[in-house]
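Text of upload-v7.cif, listed as mmCIF, C-alpha atoms:
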data_run
#
loop_
_atom_site.label_atom_id
_atom_site.label_comp_id
_atom_site.auth_asym_id
_atom_site.auth_seq_id
_atom_site.Cartn_x
_atom_site.Cartn_y
_atom_site.Cartn_z
CA MET A 11 -1.39 11.21 30.83
CA TYR A 12 0.66 10.05 33.86
CA LYS A 13 -0.65 8.61 37.12
CA ASN A 14 2.09 10.23 39.20
CA LYS A 15 5.49 11.91 39.00
CA LYS A 16 7.36 8.60 39.45
CA GLU A 17 5.58 7.03 36.47
CA LYS A 18 6.42 10.06 34.31
CA THR A 19 10.14 9.74 35.19
CA GLU A 20 10.19 6.02 34.40
CA ILE A 21 8.49 6.49 31.02
CA LYS A 22 10.93 9.20 29.97
CA LYS A 23 13.86 6.90 30.80
CA THR A 24 12.28 4.12 28.73
CA VAL A 25 11.73 6.43 25.74
CA ARG A 26 15.37 7.54 25.78
CA LYS A 27 16.54 3.94 26.04
CA LYS A 28 14.35 2.74 23.14
CA ASN A 29 15.40 5.59 20.87
CA ARG A 30 19.09 4.94 21.60
CA THR A 31 18.51 1.28 20.74
CA THR A 32 16.81 2.22 17.47
CA ASP A 33 19.73 4.43 16.42
CA THR A 34 22.36 1.88 17.42
CA ASP A 35 20.62 -0.96 15.58
CA ALA A 36 20.42 1.13 12.40
CA LYS A 37 24.12 1.95 12.56
CA ARG A 38 25.16 -1.62 13.25
CA SER A 39 22.96 -3.26 10.63
CA GLY A 40 25.23 -2.44 7.69
CA ILE A 41 22.59 -3.66 5.25
CA PRO A 42 22.72 -1.30 2.25
CA GLY A 43 19.44 0.36 1.33
CA LYS A 44 17.57 -1.18 4.24
CA ASN A 45 18.17 -0.20 7.85
CA ALA A 46 20.98 2.29 7.36
CA HIS A 47 18.77 5.11 6.10
CA LYS A 48 15.86 4.19 8.35
CA GLN A 49 17.89 5.67 11.17
CA SER A 50 17.27 9.11 9.71
CA THR A 51 13.75 8.59 8.37
CA GLN A 52 11.76 6.67 10.98
CA LYS A 53 10.10 8.56 13.81
CA LYS A 54 11.37 8.11 17.32
CA LEU A 55 8.92 6.99 20.00
CA THR A 56 7.28 9.78 21.97
CA GLU A 57 6.10 9.54 25.55
CA LYS A 58 2.48 9.61 24.46
CA GLN A 59 3.04 6.77 21.98
CA LEU A 60 4.68 4.64 24.66
CA VAL A 61 1.84 5.21 27.10
CA GLN A 62 -0.76 4.37 24.45
CA LYS A 63 1.40 1.52 23.06
CA GLN A 64 0.85 2.67 19.49
CA PRO A 65 3.65 2.43 16.89
CA ALA A 66 4.91 5.43 14.98
CA HIS A 67 3.58 5.75 11.44
CA LYS A 68 4.35 7.71 8.33
CA THR A 69 1.80 10.30 7.28
CA SER A 70 0.25 9.52 3.90
CA PHE A 71 -0.25 12.09 1.19
CA GLN A 72 -3.88 10.96 1.13
CA LYS A 73 -4.50 12.75 4.40
CA LYS A 74 -6.42 16.02 4.45
CA PRO A 75 -4.78 18.92 2.57
CA GLU A 76 -4.17 20.94 5.71
CA GLN A 77 -2.03 18.17 7.21
CA THR A 78 1.70 18.38 6.59
CA GLN A 79 3.83 15.33 5.91
CA THR A 80 6.81 13.97 7.74
CA GLY A 81 9.16 14.85 4.89
CA CYS A 82 12.59 13.55 3.94
CA PRO A 83 15.33 14.43 6.47
CA LEU A 84 17.76 15.10 3.63
CA ALA A 85 15.51 17.57 1.77
CA LYS A 86 17.19 20.72 3.08
CA LYS A 87 20.68 19.43 2.29
CA CYS A 88 20.15 17.90 -1.13
CA GLY A 89 17.71 20.58 -2.27
CA GLY A 90 16.06 18.25 -4.77
CA CYS A 91 12.59 18.25 -3.20
CA GLN A 92 11.68 21.80 -2.29
CA LEU A 93 8.13 20.88 -1.23
CA GLN A 94 8.95 18.06 1.17
CA GLY A 95 6.73 18.22 4.24
CA MET A 96 3.82 19.75 2.32
CA ALA A 97 0.62 17.75 1.75
CA TYR A 98 0.33 16.70 -1.88
CA GLU A 99 -2.93 18.55 -2.47
CA LYS A 100 -1.25 21.72 -1.21
CA GLN A 101 1.66 21.13 -3.57
CA LEU A 102 -0.71 21.08 -6.53
CA GLU A 103 -2.37 24.29 -5.38
CA LYS A 104 1.02 25.96 -4.96
CA LYS A 105 2.13 24.93 -8.45
CA ARG A 106 -1.04 26.31 -9.98
CA GLU A 107 -0.36 29.64 -8.28
CA ILE A 108 3.20 29.61 -9.64
CA VAL A 109 1.85 29.21 -13.17
CA LYS A 110 -0.82 31.88 -12.65
CA LYS A 111 1.82 34.34 -11.51
CA GLU A 112 3.82 33.87 -14.71
CA LEU A 113 1.03 33.60 -17.29
CA HIS A 114 -0.99 36.79 -17.09
CA GLY A 115 -4.24 36.79 -19.06
CA VAL A 116 -4.17 33.02 -19.61
CA LYS A 117 -6.70 30.72 -17.98
CA VAL A 118 -4.79 28.24 -15.80
CA LEU A 119 -6.61 24.94 -15.27
CA PRO A 120 -6.14 22.90 -12.06
CA VAL A 121 -2.89 20.92 -12.03
CA ILE A 122 -3.24 17.26 -12.99
CA GLY A 123 -1.56 15.34 -10.17
CA MET A 124 -0.65 11.71 -9.46
CA ASN A 125 -2.61 9.11 -7.52
CA ASN A 126 0.65 7.99 -5.90
CA PRO A 127 3.40 10.63 -6.06
CA TYR A 128 6.20 8.43 -4.69
CA HIS A 129 9.10 6.60 -6.41
CA TYR A 130 8.15 7.91 -9.85
CA ARG A 131 11.61 8.67 -11.24
CA ASN A 132 12.79 6.14 -13.83
CA LYS A 133 16.20 7.81 -14.07
CA VAL A 134 18.40 7.80 -10.98
CA HIS A 135 21.83 9.39 -10.73
CA ALA A 136 24.28 8.91 -7.87
CA ALA A 137 27.60 10.69 -7.49
CA PHE A 138 30.34 8.64 -5.78
CA GLY A 139 32.94 9.86 -3.33
CA ARG A 140 35.18 8.74 -0.50
CA LEU A 141 35.38 10.11 3.03
CA ARG A 142 38.71 10.75 4.75
CA ASN A 143 38.36 7.49 6.68
CA GLY A 144 38.07 5.59 3.39
CA THR A 145 34.31 5.00 3.50
CA ILE A 146 32.75 4.99 0.04
CA ILE A 147 29.62 7.12 -0.20
CA SER A 148 27.09 7.82 -2.94
CA GLY A 149 24.27 10.28 -3.24
CA VAL A 150 23.43 13.70 -4.59
CA TYR A 151 25.30 16.97 -4.54
CA GLU A 152 24.32 19.36 -1.80
CA GLN A 153 22.45 22.27 -3.32
CA GLY A 154 24.84 24.80 -4.84
CA THR A 155 27.95 22.72 -4.09
CA HIS A 156 29.83 19.60 -5.16
CA ARG A 157 29.70 18.10 -1.67
CA ILE A 158 27.99 14.72 -1.76
CA VAL A 159 25.01 14.15 0.52
CA PRO A 160 24.92 10.37 1.21
CA VAL A 161 21.56 8.86 0.21
CA GLU A 162 20.40 5.34 1.02
CA GLN A 163 16.75 5.71 0.05
CA CYS A 164 14.88 8.42 -1.80
CA GLU A 165 11.12 8.92 -1.77
CA ILE A 166 10.92 9.91 -5.44
CA GLN A 167 13.43 7.48 -6.99
CA ASP A 168 12.77 3.97 -8.25
CA GLU A 169 13.34 1.74 -5.24
CA ARG A 170 15.17 -0.87 -7.31
CA ALA A 171 17.76 1.73 -8.24
CA ASP A 172 18.44 2.58 -4.59
CA ALA A 173 19.24 -1.06 -3.86
CA MET A 174 21.49 -1.43 -6.91
CA ILE A 175 23.49 1.67 -6.04
CA ALA A 176 24.01 0.30 -2.52
CA THR A 177 25.31 -2.95 -4.01
CA ILE A 178 27.71 -1.08 -6.31
CA ARG A 179 29.13 0.73 -3.27
CA GLU A 180 29.85 -2.62 -1.64
CA LEU A 181 31.34 -4.05 -4.84
CA ALA A 182 33.56 -1.00 -5.29
CA LYS A 183 34.97 -1.70 -1.86
CA SER A 184 35.35 -5.46 -2.47
CA PHE A 185 37.00 -5.02 -5.87
CA LYS A 186 39.12 -2.11 -4.62
CA LEU A 187 37.77 0.14 -7.34
CA ARG A 188 39.26 3.59 -6.92
CA ILE A 189 36.74 6.40 -6.46
CA TYR A 190 37.31 9.49 -8.59
CA ASP A 191 38.56 12.60 -6.81
CA GLU A 192 37.37 15.81 -8.47
CA ASP A 193 40.16 17.86 -6.90
CA THR A 194 43.09 15.70 -7.95
CA GLY A 195 41.59 14.07 -11.06
CA TYR A 196 42.72 10.63 -9.86
CA GLY A 197 40.50 7.58 -9.48
CA ALA A 198 38.01 5.74 -11.67
CA LEU A 199 34.36 5.53 -10.53
CA ARG A 200 32.61 8.90 -10.79
CA HIS A 201 28.88 8.25 -11.05
CA VAL A 202 26.25 5.57 -11.46
CA LEU A 203 23.20 6.15 -13.62
CA ILE A 204 20.26 3.74 -13.55
CA ARG A 205 17.38 3.86 -16.02
CA THR A 206 14.28 1.71 -15.74
CA GLY A 207 11.45 0.88 -18.12
CA HIS A 208 8.13 1.41 -16.36
CA ALA A 209 6.10 -0.78 -18.72
CA THR A 210 8.80 -3.31 -19.65
CA GLY A 211 10.57 -3.65 -16.30
CA GLU A 212 13.95 -3.47 -18.05
CA VAL A 213 16.89 -1.97 -16.14
CA LEU A 214 20.02 -0.28 -17.50
CA VAL A 215 22.98 0.32 -15.19
CA VAL A 216 25.57 2.84 -16.39
CA LEU A 217 28.92 2.91 -14.60
CA VAL A 218 30.57 6.25 -15.30
CA LEU A 219 34.37 5.93 -15.06
CA ALA A 220 37.22 8.30 -15.82
CA THR A 221 38.90 5.44 -17.68
CA PRO A 222 37.74 2.76 -20.13
CA ILE A 223 39.29 0.10 -17.89
CA LEU A 224 37.19 -1.56 -15.18
CA PRO A 225 39.43 -3.93 -13.20
CA SER A 226 38.07 -7.49 -13.04
CA LYS A 227 35.10 -6.32 -15.08
CA ASN A 228 33.73 -9.80 -15.76
CA ASN A 229 33.66 -10.71 -12.08
CA PHE A 230 32.29 -7.28 -11.18
CA VAL A 231 29.44 -7.71 -13.66
CA LYS A 232 28.73 -11.27 -12.46
CA ALA A 233 28.55 -10.12 -8.85
CA LEU A 234 26.20 -7.25 -9.71
CA LEU A 235 23.92 -9.53 -11.74
CA LYS A 236 23.88 -12.13 -8.98
CA ALA A 237 22.64 -9.51 -6.52
CA HIS A 238 20.17 -8.00 -9.01
CA PRO A 239 19.20 -10.50 -11.74
CA GLN A 240 16.52 -8.09 -13.03
CA ILE A 241 19.26 -5.94 -14.63
CA THR A 242 19.01 -6.29 -18.40
CA SER A 243 22.05 -4.26 -19.49
CA ILE A 244 25.24 -2.80 -18.03
CA VAL A 245 27.26 -0.09 -19.77
CA LEU A 246 30.61 1.50 -18.95
CA ASN A 247 30.48 5.19 -19.87
CA VAL A 248 33.85 6.93 -20.19
CA ASN A 249 33.99 10.49 -18.87
CA ASP A 250 37.63 11.57 -18.65
CA ARG A 251 36.91 15.29 -18.81
CA HIS A 252 37.26 17.72 -15.94
CA THR A 253 33.67 18.82 -16.16
CA SER A 254 30.43 18.82 -14.20
CA MET A 255 28.74 16.81 -16.95
CA VAL A 256 27.77 13.36 -15.71
CA LEU A 257 28.13 11.34 -18.91
CA GLY A 258 30.89 11.19 -21.47
CA GLU A 259 30.37 10.41 -25.15
CA ARG A 260 31.85 6.89 -25.25
CA ASN A 261 29.82 3.86 -24.14
CA ILE A 262 31.22 0.33 -23.76
CA VAL A 263 28.63 -2.44 -23.39
CA LEU A 264 29.55 -4.85 -20.59
CA TYR A 265 26.32 -6.86 -20.55
CA GLY A 266 23.12 -6.97 -22.58
CA LYS A 267 22.09 -4.73 -25.46
CA GLY A 268 23.50 -1.47 -24.13
CA TYR A 269 20.06 0.09 -23.90
CA ILE A 270 16.59 -0.59 -22.57
CA GLU A 271 13.13 -0.22 -24.06
CA ASP A 272 9.92 1.18 -22.65
CA ILE A 273 6.36 1.56 -23.90
CA LEU A 274 4.67 4.95 -23.89
CA CYS A 275 1.32 5.85 -25.47
CA GLY A 276 1.33 2.55 -27.37
CA ASN A 277 4.81 3.00 -28.89
CA ARG A 278 7.98 1.17 -27.92
CA TYR A 279 11.09 3.31 -27.37
CA ARG A 280 14.79 2.55 -27.27
CA ILE A 281 16.52 4.39 -24.41
CA SER A 282 20.33 4.65 -24.46
CA PRO A 283 22.51 5.99 -21.62
CA ASN A 284 22.63 9.48 -23.18
CA SER A 285 19.05 9.63 -24.47
CA PHE A 286 16.54 12.13 -23.19
CA TYR A 287 13.41 10.42 -21.91
CA GLN A 288 10.86 11.85 -19.50
CA VAL A 289 11.56 10.66 -15.94
CA ASN A 290 7.90 10.18 -14.96
CA PRO A 291 6.25 7.80 -17.46
CA LEU A 292 2.78 7.85 -15.92
CA GLN A 293 2.48 11.63 -16.09
CA THR A 294 4.24 11.77 -19.46
CA LYS A 295 1.32 9.84 -20.93
CA VAL A 296 -1.07 12.41 -19.46
CA LEU A 297 1.09 15.26 -20.78
CA TYR A 298 1.36 13.93 -24.32
CA GLU A 299 -2.29 13.01 -24.65
CA LYS A 300 -3.27 16.53 -23.58
CA ALA A 301 -0.77 18.08 -26.00
CA ILE A 302 -2.16 16.02 -28.90
CA SER A 303 -5.73 16.90 -27.98
CA TYR A 304 -4.78 20.61 -28.09
CA ALA A 305 -3.34 20.11 -31.59
CA LYS A 306 -6.76 18.93 -32.87
CA LEU A 307 -5.32 16.63 -35.50
CA THR A 308 -7.58 15.23 -38.22
CA GLY A 309 -5.14 12.95 -40.02
CA LYS A 310 -4.22 15.38 -42.78
CA GLU A 311 -1.87 17.85 -41.08
CA THR A 312 1.86 18.31 -41.53
CA VAL A 313 3.39 18.66 -38.08
CA ILE A 314 6.81 19.86 -36.94
CA ASP A 315 7.99 18.36 -33.64
CA ALA A 316 10.75 20.74 -32.54
CA TYR A 317 13.25 19.77 -29.81
CA CYS A 318 11.94 16.23 -30.37
CA GLY A 319 14.50 14.15 -28.42
CA ILE A 320 13.94 10.48 -29.23
CA GLY A 321 10.65 11.32 -30.94
CA THR A 322 8.14 10.54 -28.20
CA ILE A 323 5.72 13.44 -28.75
CA GLY A 324 6.07 13.29 -32.54
CA MET A 325 5.39 9.56 -32.73
CA THR A 326 2.37 9.96 -30.48
CA ALA A 327 1.10 12.67 -32.85
CA ALA A 328 1.92 10.64 -35.97
CA ALA A 329 -0.97 8.26 -35.31
CA ALA A 330 -3.40 11.16 -35.85
CA ALA A 331 -1.46 13.32 -38.34
CA GLY A 332 -0.68 13.16 -42.04
CA LYS A 333 3.05 13.74 -41.67
CA VAL A 334 5.45 14.57 -38.82
CA ILE A 335 8.96 16.06 -39.03
CA GLY A 336 11.04 15.71 -35.87
CA VAL A 337 13.92 18.13 -35.30
CA GLU A 338 16.69 17.41 -32.77
CA GLN A 339 20.36 18.41 -32.55
CA ASN A 340 21.53 15.51 -30.34
CA ALA A 341 22.92 12.87 -32.72
CA SER A 342 22.41 9.98 -30.31
CA ALA A 343 18.77 10.96 -29.73
CA VAL A 344 18.16 11.19 -33.48
CA ARG A 345 19.59 7.69 -34.01
CA ASP A 346 17.29 6.36 -31.30
CA ALA A 347 14.34 8.25 -32.79
CA ARG A 348 14.85 6.70 -36.21
CA MET A 349 15.16 3.24 -34.70
CA ASN A 350 12.03 3.87 -32.64
CA ALA A 351 10.06 4.86 -35.74
CA LYS A 352 11.22 1.75 -37.60
CA LYS A 353 10.52 -0.51 -34.63
CA ASN A 354 6.96 0.82 -34.35
CA GLY A 355 6.26 0.76 -38.09
CA CYS A 356 5.70 4.51 -38.06
CA LYS A 357 6.18 5.48 -41.72
CA ASN A 358 4.79 9.02 -41.69
CA ILE A 359 7.50 10.50 -39.46
CA SER A 360 11.06 11.56 -40.34
CA PHE A 361 13.83 13.10 -38.26
CA VAL A 362 16.29 15.88 -38.99
CA GLU A 363 19.52 16.24 -37.01
CA ALA A 364 19.73 20.01 -36.61
CA ASP A 365 19.42 22.87 -34.18
CA ALA A 366 15.71 23.67 -33.95
CA THR A 367 16.20 27.42 -34.37
CA GLU A 368 18.45 27.03 -37.40
CA TYR A 369 16.14 24.49 -39.03
CA MET A 370 13.03 26.62 -38.55
CA SER A 371 14.85 29.70 -39.88
CA ARG A 372 15.99 27.89 -43.03
CA LEU A 373 12.52 26.53 -43.58
CA ALA A 374 10.92 29.95 -43.16
CA GLU A 375 13.37 31.51 -45.62
CA ASP A 376 12.63 28.91 -48.30
CA PRO A 377 9.92 30.39 -50.55
CA GLU A 378 8.93 26.90 -51.67
CA HIS A 379 8.65 25.30 -48.24
CA GLU A 380 5.78 22.93 -47.67
CA LYS A 381 2.77 24.10 -45.69
CA ILE A 382 3.12 23.53 -41.96
CA ASP A 383 -0.17 23.09 -40.12
CA ILE A 384 0.94 22.42 -36.54
CA VAL A 385 4.12 23.17 -34.60
CA LEU A 386 4.79 21.10 -31.48
CA MET A 387 7.59 22.53 -29.36
CA ASP A 388 9.13 21.24 -26.13
CA PRO A 389 12.19 23.44 -25.54
CA PRO A 390 14.68 23.19 -22.64
CA ARG A 391 14.22 25.11 -19.38
CA SER A 392 15.79 28.19 -20.96
CA GLY A 393 12.81 28.33 -23.30
CA SER A 394 12.83 29.04 -27.01
CA THR A 395 14.64 31.76 -28.94
CA GLU A 396 13.14 34.84 -30.57
CA GLN A 397 14.57 33.67 -33.89
CA PHE A 398 12.76 30.32 -33.54
CA MET A 399 9.49 32.02 -32.64
CA ARG A 400 9.71 34.47 -35.54
CA ALA A 401 10.35 31.59 -37.91
CA ALA A 402 7.50 29.53 -36.45
CA ALA A 403 5.07 32.44 -36.79
CA SER A 404 6.17 33.16 -40.36
CA LEU A 405 5.25 29.58 -41.32
CA ALA A 406 1.68 30.52 -40.32
CA PRO A 407 0.64 27.23 -38.69
CA LYS A 408 -2.95 26.86 -37.52
CA ARG A 409 -1.81 26.09 -34.02
CA ILE A 410 1.40 26.05 -31.97
CA VAL A 411 1.39 23.63 -29.05
CA TYR A 412 4.00 24.69 -26.50
CA VAL A 413 5.07 22.18 -23.83
CA SER A 414 7.15 23.90 -21.15
CA CYS A 415 9.05 22.77 -18.07
CA ASN A 416 9.60 26.35 -16.89
CA PRO A 417 6.61 28.68 -16.34
CA THR A 418 8.91 31.73 -16.18
CA THR A 419 10.41 31.28 -19.65
CA LEU A 420 7.01 30.14 -20.95
CA GLY A 421 5.50 33.45 -19.79
CA ARG A 422 8.29 35.34 -21.50
CA ASP A 423 7.86 33.41 -24.76
CA LEU A 424 4.08 33.80 -24.78
CA LYS A 425 4.51 37.56 -24.63
CA TYR A 426 6.81 37.44 -27.65
CA PHE A 427 4.46 35.15 -29.54
CA ALA A 428 1.67 37.64 -28.83
CA LYS A 429 3.67 40.33 -30.63
CA LEU A 430 3.79 37.96 -33.60
CA GLY A 431 0.03 37.49 -33.58
CA TYR A 432 -0.19 34.16 -31.72
CA HIS A 433 -2.07 34.07 -28.44
CA ALA A 434 -2.83 31.51 -25.73
CA LYS A 435 -6.18 31.50 -23.96
CA GLU A 436 -5.76 28.43 -21.76
CA CYS A 437 -3.02 26.24 -20.30
CA GLN A 438 -2.94 22.88 -18.58
CA PRO A 439 -0.31 22.27 -15.86
CA VAL A 440 0.74 18.67 -15.23
CA ASP A 441 2.65 17.59 -12.13
CA MET A 442 5.56 15.63 -13.55
CA PHE A 443 7.78 16.10 -10.50
CA PRO A 444 5.94 15.72 -7.15
CA PHE A 445 7.65 17.20 -4.09
CA THR A 446 9.64 19.63 -6.25
CA ASP A 447 8.60 23.12 -7.30
CA ASP A 448 8.84 22.16 -10.99
CA VAL A 449 5.72 21.87 -13.12
CA GLU A 450 5.09 21.15 -16.80
CA VAL A 451 2.64 23.37 -18.66
CA ILE A 452 0.93 22.88 -22.03
CA CYS A 453 -0.38 25.87 -23.99
CA VAL A 454 -1.97 26.08 -27.41
CA LEU A 455 -1.48 29.26 -29.41
CA SER A 456 -3.29 30.45 -32.49
CA LYS A 457 -3.97 33.65 -34.41
CA LEU A 458 -6.00 36.23 -32.52
CA HIS A 459 -9.16 35.75 -34.60
CA GLU A 460 -8.93 31.97 -34.00
CA ALA A 461 -7.88 32.06 -30.34
CA LYS A 462 -11.48 32.39 -29.17
CA HIS A 463 -12.29 28.98 -30.58
CA HIS A 464 -9.18 26.83 -30.09
CA VAL A 465 -9.85 25.54 -26.59
#
Write-out of the structure in structure tokens:
Amino acid sequence: MYKNKKEKTEIKKTVRKKNRTTDTDAKRSGIPGKNAHKQSTQKKLTEKQLVQKQPAHKTSFQKKPEQTQTGCPLAKKCGGCQLQGMAYEKQLEKKREIVKKELHGVKVLPVIGMNNPYHYRNKVHAAFGRLRNGTIISGVYEQGTHRIVPVEQCEIQDERADAMIATIRELAKSFKLRIYDEDTGYGALRHVLIRTGHATGEVLVVLVLATPILPSKNNFVKALLKAHPQITSIVLNVNDRHTSMVLGERNIVLYGKGYIEDILCGNRYRISPNSFYQVNPLQTKVLYEKAISYAKLTGKETVIDAYCGIGTIGMTAAAAAGKVIGVEQNASAVRDARMNAKKNGCKNISFVEADATEYMSRLAEDPEHEKIDIVLMDPPRSGSTEQFMRAAASLAPKRIVYVSCNPTTLGRDLKYFAKLGYHAKECQPVDMFPFTDDVEVICVLSKLHEAKHHV
């Protein structure tokens, strides 16, 4: 590699000098969302690279499965991406093994992954804080703590959101906006939430303050829009509670409609600051289409969409069903769901604002309840309840399609369903969250004598 000892010494000096220059330039740049984070993410020159005069490069996930990736330098601190540094193909294999471990006796199909697993999140949250020297920071909480890990760029977040958050940091400083202190309860700006429409390109910025008053709000909004004219709405969310919850219940529209819209599986959806909407729209389409195919709808069935949120799965199913009933306890989500149905001219779907377990129990106890053919259920990570499952089984649907974001609670619930006579023979994992150890799984359950034929 080296011609002589003197050449080796000179090259090492040059490498150290170039790497110091790289670090210093990144620190001095002060350009939010551009060079500041590159300091921690770009590779430093090695001696071999200098000799060969080849620039450093970032390993692509398209490399061979056995190759590991560079990984995000913040992964260990923020804890959000547990599989950083692992080749994407290996991630998919690992997730399949996770599902297999939890679902005994169920055939686990290969995980459906993404062609490009980067910058997929359409919902970005940044917590704001201030260092002792007065520097305003934003980022994510360190795993298991409320210490903020400063983040300039994130490999899984929408890149537009990263830039907007950096601008808001600068504006907070310029407008002397006080940053909220969790310990004392003083200050205003707590969080920023940004939601983007993948198909529409619309952008919603939510400023979460401890007070309904944003000083010089008109000028603040004008400055933010000047820097990012693609923003379609800005909302001030008031969260004056001493709680770990990000959003409060009150929203004040500062610019635009106060919500954005996106298109999923041919339907247009209204997304408010508090609405639940899947964070990976590309994979959500894959997930929903698979769930509907498992339901085997013919156009005549009555379907219950439990834990329906803003009605995305139910409205996708409505195009192939006779009637759909969506059940959701979040009032804001139900309002959005009804507006979504009206906007899309979907007349064979209705929504009930109720706890899913309570609704199913009341329905099961009614001797004159209408016949339910299919139950679609997409419960939270904690899974369903035994009461819900008993009620669902007592309605005797032909099939129960279970969409889960937690293989552990799915495995538990499948065992309970089996006691009630409903069994799963096959499941389809979908990678909704690349670089994390989370995976969505779809199962279809039916009576034992029908289970042999439902997949």
Matched chain/residue IDs from the PyMOL selection byres ((chain A and resi 87-92) around 6), as a compact mmCIF listing (two decimals) with C-alpha atoms, keeping the file's coordinate frame:
# COMPACT_ATOMS: atom_id res chain seq x y z
CA LEU A 84 17.76 15.10 3.63
CA ALA A 85 15.51 17.57 1.77
CA LYS A 86 17.19 20.72 3.08
CA LEU A 93 8.13 20.88 -1.23
CA GLN A 94 8.95 18.06 1.17
CA GLU A 152 24.32 19.36 -1.80
CA GLN A 153 22.45 22.27 -3.32
CA PHE A 445 7.65 17.20 -4.09
CA THR A 446 9.64 19.63 -6.25
Practice task
Can you pull out every residue within 9 Å of Ile382 (chain A), counting only C-alpha atoms, but drop anything in the same chain fewer than 3 positions away, and send it as an MDAnalysis selection string?
Solution key: chainID A and resid 311:314 379 385 405:408
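Only residues having an atom at most 9 Å from (36.6, 6.3, -17.4) are included; using all atoms listed in the file, these are Gly197, Ala198, Leu199, Arg200, Leu217, Val218, Leu219, Ala220, Thr221, Pro222, Ile223, Leu224, Leu246, Asn247, Val248, Asn249, Asp250 and Gly258 of chain A.
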Handout entry: Polymer residues at most 8 Å from region 238-244 of chain A, all atoms listed in the file, same-chain spacing of 4 or more positions, as an MDAnalysis selection string
Key = chainID A and resid 174 212:217 231 234 263:270
Exercise for the section: Might you spell out which residues the PyMOL selection byres ((chain A and resi 316) around 10) would select in the displayed file, as a PyMOL selection string? Expected result: chain A and resi 313-315+317-319+321+323-324+335-339+362+364-367+369-370+385-389+398+412
Selection above as a file: C-alpha atoms, as a short mmCIF file (atom, residue, chain, number, x, y, z; two decimals), in the coordinates of the input:
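Final output, saved to out30.cif:
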data_model
loop_
_atom_site.label_atom_id
_atom_site.label_comp_id
_atom_site.auth_asym_id
_atom_site.auth_seq_id
_atom_site.Cartn_x
_atom_site.Cartn_y
_atom_site.Cartn_z
CA VAL A 313 3.39 18.66 -38.08
CA ILE A 314 6.81 19.86 -36.94
CA ASP A 315 7.99 18.36 -33.64
CA TYR A 317 13.25 19.77 -29.81
CA CYS A 318 11.94 16.23 -30.37
CA GLY A 319 14.50 14.15 -28.42
CA GLY A 321 10.65 11.32 -30.94
CA ILE A 323 5.72 13.44 -28.75
CA GLY A 324 6.07 13.29 -32.54
CA ILE A 335 8.96 16.06 -39.03
CA GLY A 336 11.04 15.71 -35.87
CA VAL A 337 13.92 18.13 -35.30
CA GLU A 338 16.69 17.41 -32.77
CA GLN A 339 20.36 18.41 -32.55
CA VAL A 362 16.29 15.88 -38.99
CA ALA A 364 19.73 20.01 -36.61
CA ASP A 365 19.42 22.87 -34.18
CA ALA A 366 15.71 23.67 -33.95
CA THR A 367 16.20 27.42 -34.37
CA TYR A 369 16.14 24.49 -39.03
CA MET A 370 13.03 26.62 -38.55
CA VAL A 385 4.12 23.17 -34.60
CA LEU A 386 4.79 21.10 -31.48
CA MET A 387 7.59 22.53 -29.36
CA ASP A 388 9.13 21.24 -26.13
CA PRO A 389 12.19 23.44 -25.54
CA PHE A 398 12.76 30.32 -33.54
CA TYR A 412 4.00 24.69 -26.50
#
Problem - Two-atom distance - CA of Ala137 (chain A), CA of Ala176 (chain A) (Å) - result: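 CA of Ala176 (chain A) lies at a distance of 12.1 Å from CA of Ala137 (chain A).
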Practice task
Take the PyMOL selection byres ((chain A and resi 139) around 12), apply it to the structure above, and return the hits as a VMD selection string.
Solution key: chain A and resid 136 to 138 140 to 151 156 to 161 179 182 to 183 187 to 193 196 to 202
Exercise for the section: In Å, rounded to a single decimal, give me how far CA of Gly123 (chain A) is from CA of Tyr98 (chain A). Expected result: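 Computed distance, CA of Tyr98 (chain A) to CA of Gly123 (chain A), equals 8.6 Å.
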Handout entry: Between CA of Gln438 (chain A) and CA of Lys117 (chain A) - distance in Å to one decimal
Key =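 Straight-line distance from CA of Lys117 (chain A) to CA of Gln438 (chain A) works out to 8.7 Å.
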Fill in the blank from the handout: Counting all atoms listed in the file, closest pick from A:Gly195, A:His135, A:Ile320, A:Ala97 relative to Ala341 (chain A) is A:Ile320
Exercise for the section: Tell me which of A:Val256, A:Ala351, A:Ile410, A:Leu297 sits closest to Arg280 (chain A), counting all atoms listed in the file. Expected result: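 Of all the options, A:Ala351 lies closest to Arg280 (chain A).
You can rank A:Arg422, A:Arg131, A:Lys300, A:Arg409 by their closest distance to Ser392 (chain A) using all atoms listed in the file, and at the top of that list sits A:Arg422.
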Exercise for the section: List the neighbours of Asn290 (chain A) out to 7 Å using all atoms listed in the file; skip same-chain residues closer than 4 positions along the sequence, and give me the result as a VMD selection string. Expected result: chain A and resid 130 to 132 294 442
Exercise for the section: List the neighbours of Leu424 (chain A) out to 9 Å using only C-alpha atoms; skip same-chain residues closer than 3 positions along the sequence, and give me the result as a VMD selection string. Expected result: chain A and resid 113 419 to 421 427 to 429 432 to 434 455
